[in-house]
Amino acid sequence: MDIYHPSKSAVDNAKNGVQLLSNLMIPSLSVSDALGTVTSAGQSVQVRINGRVASVDQVRNLLPSSIKRVEWIENPGLRYNGANTVLNFIVANPTVGGSLMLYATQALNMAWGQYNPSVKFNFEHSQIEIGGGYKLTENLKTHRDYKETFTYPDGRQLIRDERSLGGRIDNSIGNAWATYNYIKPDTTVIVVDVRGFFKPTNKTTYYGLMSNNIEVTDVLLTEVNGDKGSRPALSAYWEQHLSKQQMFVVDFKTQYYMGRTFSDYIEQMPETYEYLANIHTGIKDRNQLYAIEADYIKNWRSSRLTAGASYTANRNKSIYENLGGAVFHQRQDRVYFFAEYFQRVNKFTFTAGLGAQYTEFFFRETGLESHSWNLRPQAAITYSLNQRNQFRLNFESWQSTPSLAETNPTAQQIDGFQWRVGNPGIKTSNSYMLTLRYNFQIPRVYGQFGMRAYMSPNAITPVLMWEDEKLITTYENSSGLQNISLFLAPQIEVVPDWLTVSGYLQWRAERMRGTGYNLTNDAWSGSASMQLRHWGFTLSAQYTRAQRDLWGEKISWGEDFNFIDLTYNWKQWAFSVGCLLPFGRYDQGSVSLSKWNTNERHMRTDFRIPYIGINYNLQWGHQKRKANKRINVGGDTDQSTAGGR
């Protein structure tokens with residue numbers, strides 16, 4: 001891992017954990033306090049606080065002065081359950097007293113904002129934390145550019161073109177948590193955590209005028225996709241230190257999902273509003289998760305052995321409202337064993353591990369079942385030439401189990417002739433990645449250069465096929481994806497303690513093969529950040545070009561985004577003004593390359609979002625030695641997905 005110790009300037013110019021992380025300017029990391037996002041090269045980052053998986057809201061509620069260091073792990077080991085990257089905040093815990101944190105950001109021209117309160121109380125070996133958050137997103141104006149061509153097996157073509165008539169996004173999310181910690185360093189650590197996640201509305205609505213090359217009259221199009229629901233969860237952690245630097249660690253988690261996913265596809269004549277297509281899908285989920293992991297850890301002077309086992313059980317029940325209340329049950333069971341050994345020898349460190357995962361699926365209504373064993377090898381070598389130059393070679397592997405939507409055999413109608421149906425016979429897929437990195441440090445410049453090779457020989461991907469006049473989307477274990485990428489991530493201190501710039505630049509070439517296709521893609525992606533600090537002011541700006549990913553027969557990308565922010569710190573307060581998307585326009589979309597369906601979709605917004613923010617933190621008490629949660633059992637409840645174009 002890379003270790004970052006916050007400087008006095010970074011702490012003084014931050015009023016919460018996300019602001020402090022932004023001030024560290026870690027190369028390849030994109031941080032937005034206003035959006036509440038932390039990503040690396042366009043991929044998700046697993047955030048932890050003292051080793052415990054956490055949300056960005058919880059990081060925002062950290063007091064900067066309590067953060068002793070930040071651990072940045074780009075190739076996590078086997079015990080991190082296949083995370084892309086891990087960011088771990090090591091936080092000291094007060095012996096007495098506590099803290100209070102309040103945060104709010106509000107847009108000036110629309111219903112968009114984020115609000116987070118939290119409070120902590122400490123007494124002797126115990127700590128209680130209560131907090132929550134709410135992200136408001138209502139009626140954000142948007143539009144979609146969409147053109148597609150369908151090719152039938154006999155060569156006939158149907159070309160559909162949409163002219164946008166507007167749309168809206170509603171995506172408000174709330175969460176709350178309460179945590180109890182018992183911390184007796186080098187003896188016992190107990191953590192009990194109760195949390196709830198609530199999504200009152202997550203809906204995207206599009207209106208358009210659709211034409212095609214066969215019909216003379218254009219038709220009115222309405223398309224709605226969304227979901228809503230809640231996810232209460234309970235977790236418990238126990239760490240017991242034994243003699244001779246040994247310890248036994250257990251983590252348990254249970255989660256319940258109650259929700260509904262829906263989609264509506266409507267075609268109407270412009271003048272009479274006569275329905276040409278009127279398709280509605282509604283799926284209620286009542287899904288459960290139970291997971292437990294137990295690890296044994298033995299430390300020596302220059303080495304460490306970790307061995308563990310975990311069991312994860314998903315119990316899924318889906319009720320199809322549009323099929324007269326038809327019920328679908330799915331059972332998933334995963335058992336995982338692993339051992340990992342670490343050794344330090346002079347300027348070298350070596351890590352090697354092997355894991356094995358058994359996966360079982362059972363579908364009650366059809367009686368179908370699936371079983372598979374998968375190995376998960378892992379290895380890493382680090383050579384430190386000196387304090388300023390370091391080389392790392394990492395090999396890692398992981399498994400991806402099929403989702404509920406990918407395995408559910410219940411057919412869903414998407415539009416007038418498109419359908420989607422899961423494949424209960426697909427197997428857990430394997431992924432392998434080899435990464436070589438060179439970390440360097442010269443006066444005022446710190447950075448990383450590297451290359452990465454990735455392959456997934458049996459990746460789970462969509463596949464399209466015609467059955468009579470219906471175009472069916474189902475899923476398969478493809479012939480695999482391979483890609484190679486080069487990346488450069490520098491951080492430059494232009495003016496010491498004043499001006500810092502950082503960035504991430506990546507070029508990637510990839511190849512994807514499956515039933516009836518063999519596709520290639522290459523693209524640039526990256527981000528650039530600037531931060532100017534002085535006299536209590538911090539001026540930040542960032543531009544991000546999302547990674548273009550080839551998966552199956554589709555190239556898709558996330559958010560091309562930019563923002564600018566000015567923050568002033570005064571005593572326990574921080575005041576911010578800024579703007580999301582001050583330059584250019586938002587773009588998120590995909591391009592389909594299937595021989596049966598080629599299309600290009602762009603979801604755009606022309607809005608500029610000026611906002612103001614306020615942050616207040618108050619702390620009391622003395623700091624003591626940290627306590628670090630060492631494992632987190634993996635897994636989350638599954639969720640159905642209603643079909644959509």
# chains A, B, ... in the order shown; residues from 1 in each chain; ligands from 1
call {"tool": "residues_around", "arguments": {"residues": "range 340-347 of chain A", "least_positions_apart": "5", "cutoff": "6 Å", "atoms": "only C-alpha atoms", "output": "ChimeraX atom specification"}}
result
/A:302-306,352-353,383-384
call {"tool": "select_by_dssp", "arguments": {"residues": "range 69-237 of chain A", "states": "strand (DSSP E)", "output": "ChimeraX atom specification"}}
result
/A:69-73,86-91,93-94,96-107,111-123,126-138,140-141,143-151,157-184,188-212,219-237
call {"tool": "residues_around", "arguments": {"residues": "Leu323 in chain A", "least_positions_apart": "6", "cutoff": "12 Å", "atoms": "only C-alpha atoms", "output": "PyMOL selection string"}}
result
chain A and resi 279-284+410-413
call {"tool": "write_last_selection", "arguments": {"atoms": "C-alpha atoms", "output": "CSV table (one decimal), in the first residue's frame"}}
result
chain,number,residue,atom,x,y,z
A,279,ILE,CA,-45.8,-2.4,-22.0
A,280,HIS,CA,-45.4,-2.3,-18.2
A,281,THR,CA,-43.1,-4.4,-16.1
A,282,GLY,CA,-43.1,-4.4,-12.3
A,283,ILE,CA,-41.1,-6.7,-10.1
A,284,LYS,CA,-41.2,-6.8,-6.3
A,410,THR,CA,-38.7,-15.2,-16.6
A,411,ALA,CA,-39.1,-13.4,-19.9
A,412,GLN,CA,-39.5,-9.6,-19.9
A,413,GLN,CA,-40.8,-7.6,-22.8
call {"tool": "residues_around", "arguments": {"residues": "Ala546 in chain A", "least_positions_apart": "3", "cutoff": "9 Å", "atoms": "only C-alpha atoms", "output": "PyMOL selection string"}}
result
chain A and resi 41-42+524-527+557-561+588
call {"tool": "closest_residue", "arguments": {"among": "A:Pro496, A:Gly97, A:Gly325, A:Gly643", "to": "Ala405 in chain A", "atoms": "only C-alpha atoms"}}
result
A:Gly643
call {"tool": "closest_residue", "arguments": {"among": "A:Val70, A:Ala54, A:Phe395, A:Gln19", "to": "Tyr4 in chain A", "atoms": "only C-alpha atoms"}}
result
A:Val70
call {"tool": "closest_atom_pairs", "arguments": {"of": "range 157-203 of chain A", "to": "range 594-607 of chain A", "cutoff": "10 Å", "atoms": "only C-alpha atoms", "output": "tab-separated table"}}
result
residue	atom	partner	partner_atom	distance
A:Gln157	CA	A:Trp596	CA	9.2
A:Leu158	CA	A:Asn597	CA	9.5
A:Ile159	CA	A:Thr598	CA	9.5
A:Arg160	CA	A:Asn599	CA	9.3
A:Asp161	CA	A:Asn599	CA	9.6
A:Gly166	CA	A:Thr605	CA	9.9
A:Gly167	CA	A:Thr605	CA	9.8
A:Arg168	CA	A:Thr605	CA	9.7
call {"tool": "write_last_selection", "arguments": {"atoms": "C-alpha atoms", "output": "PDB file, in the first residue's frame"}}
result
ATOM      1  CA  GLN A 157     -33.639  -3.527 -41.703  1.00  0.00           C
ATOM      2  CA  LEU A 158     -35.676  -1.400 -39.330  1.00  0.00           C
ATOM      3  CA  ILE A 159     -34.151   2.009 -38.581  1.00  0.00           C
ATOM      4  CA  ARG A 160     -35.548   3.979 -35.614  1.00  0.00           C
ATOM      5  CA  ASP A 161     -34.582   7.551 -34.810  1.00  0.00           C
ATOM      6  CA  GLY A 166     -37.231  16.272 -22.932  1.00  0.00           C
ATOM      7  CA  GLY A 167     -37.088  14.195 -19.810  1.00  0.00           C
ATOM      8  CA  ARG A 168     -36.285  14.206 -16.115  1.00  0.00           C
TER       9      ARG A 168
END
call {"tool": "select_by_dssp", "arguments": {"residues": "range 229-431 of chain A", "states": "helix (DSSP H, G or I)", "output": "list of chain:residue names"}}
result
A:Glu321, A:Asn322, A:Leu323, A:Leu404, A:Ala405, A:Glu406, A:Thr407
call {"tool": "write_last_selection", "arguments": {"atoms": "N, CA, C and O atoms", "output": "PDB file, in the first residue's frame"}}
result
ATOM      1  N   GLU A 321     -45.482  -8.475 -10.992  1.00  0.00           N
ATOM      2  CA  GLU A 321     -46.819  -7.880 -10.968  1.00  0.00           C
ATOM      3  C   GLU A 321     -47.486  -7.955 -12.335  1.00  0.00           C
ATOM      4  O   GLU A 321     -48.707  -8.148 -12.433  1.00  0.00           O
ATOM      5  N   ASN A 322     -46.706  -7.803 -13.400  1.00  0.00           N
ATOM      6  CA  ASN A 322     -47.267  -7.807 -14.746  1.00  0.00           C
ATOM      7  C   ASN A 322     -47.590  -9.206 -15.246  1.00  0.00           C
ATOM      8  O   ASN A 322     -48.173  -9.365 -16.321  1.00  0.00           O
ATOM      9  N   LEU A 323     -47.224 -10.243 -14.485  1.00  0.00           N
ATOM     10  CA  LEU A 323     -47.535 -11.620 -14.867  1.00  0.00           C
ATOM     11  C   LEU A 323     -48.518 -12.250 -13.879  1.00  0.00           C
ATOM     12  O   LEU A 323     -48.446 -13.448 -13.578  1.00  0.00           O
ATOM     13  N   LEU A 404     -28.913 -11.619 -10.288  1.00  0.00           N
ATOM     14  CA  LEU A 404     -30.282 -12.119 -10.302  1.00  0.00           C
ATOM     15  C   LEU A 404     -30.918 -11.922 -11.677  1.00  0.00           C
ATOM     16  O   LEU A 404     -31.589 -12.823 -12.208  1.00  0.00           O
ATOM     17  N   ALA A 405     -30.708 -10.768 -12.304  1.00  0.00           N
ATOM     18  CA  ALA A 405     -31.290 -10.497 -13.620  1.00  0.00           C
ATOM     19  C   ALA A 405     -30.679 -11.402 -14.688  1.00  0.00           C
ATOM     20  O   ALA A 405     -31.364 -11.805 -15.639  1.00  0.00           O
ATOM     21  N   GLU A 406     -29.404 -11.740 -14.556  1.00  0.00           N
ATOM     22  CA  GLU A 406     -28.730 -12.560 -15.564  1.00  0.00           C
ATOM     23  C   GLU A 406     -29.150 -14.024 -15.517  1.00  0.00           C
ATOM     24  O   GLU A 406     -29.001 -14.747 -16.504  1.00  0.00           O
ATOM     25  N   THR A 407     -29.660 -14.488 -14.382  1.00  0.00           N
ATOM     26  CA  THR A 407     -30.026 -15.899 -14.249  1.00  0.00           C
ATOM     27  C   THR A 407     -31.529 -16.151 -14.229  1.00  0.00           C
ATOM     28  O   THR A 407     -31.951 -17.293 -14.398  1.00  0.00           O
TER      29      THR A 407
END
call {"tool": "atom_distance", "arguments": {"atom1": "CA of Phe417 in chain A", "atom2": "CA of Asn316 in chain A"}}
result
28.8 Å
call {"tool": "residues_around", "arguments": {"residues": "Asp186 in chain A", "least_positions_apart": "3", "cutoff": "10 Å", "atoms": "only C-alpha atoms", "output": "PyMOL selection string"}}
result
chain A and resi 183+189+239-242+245+247+627
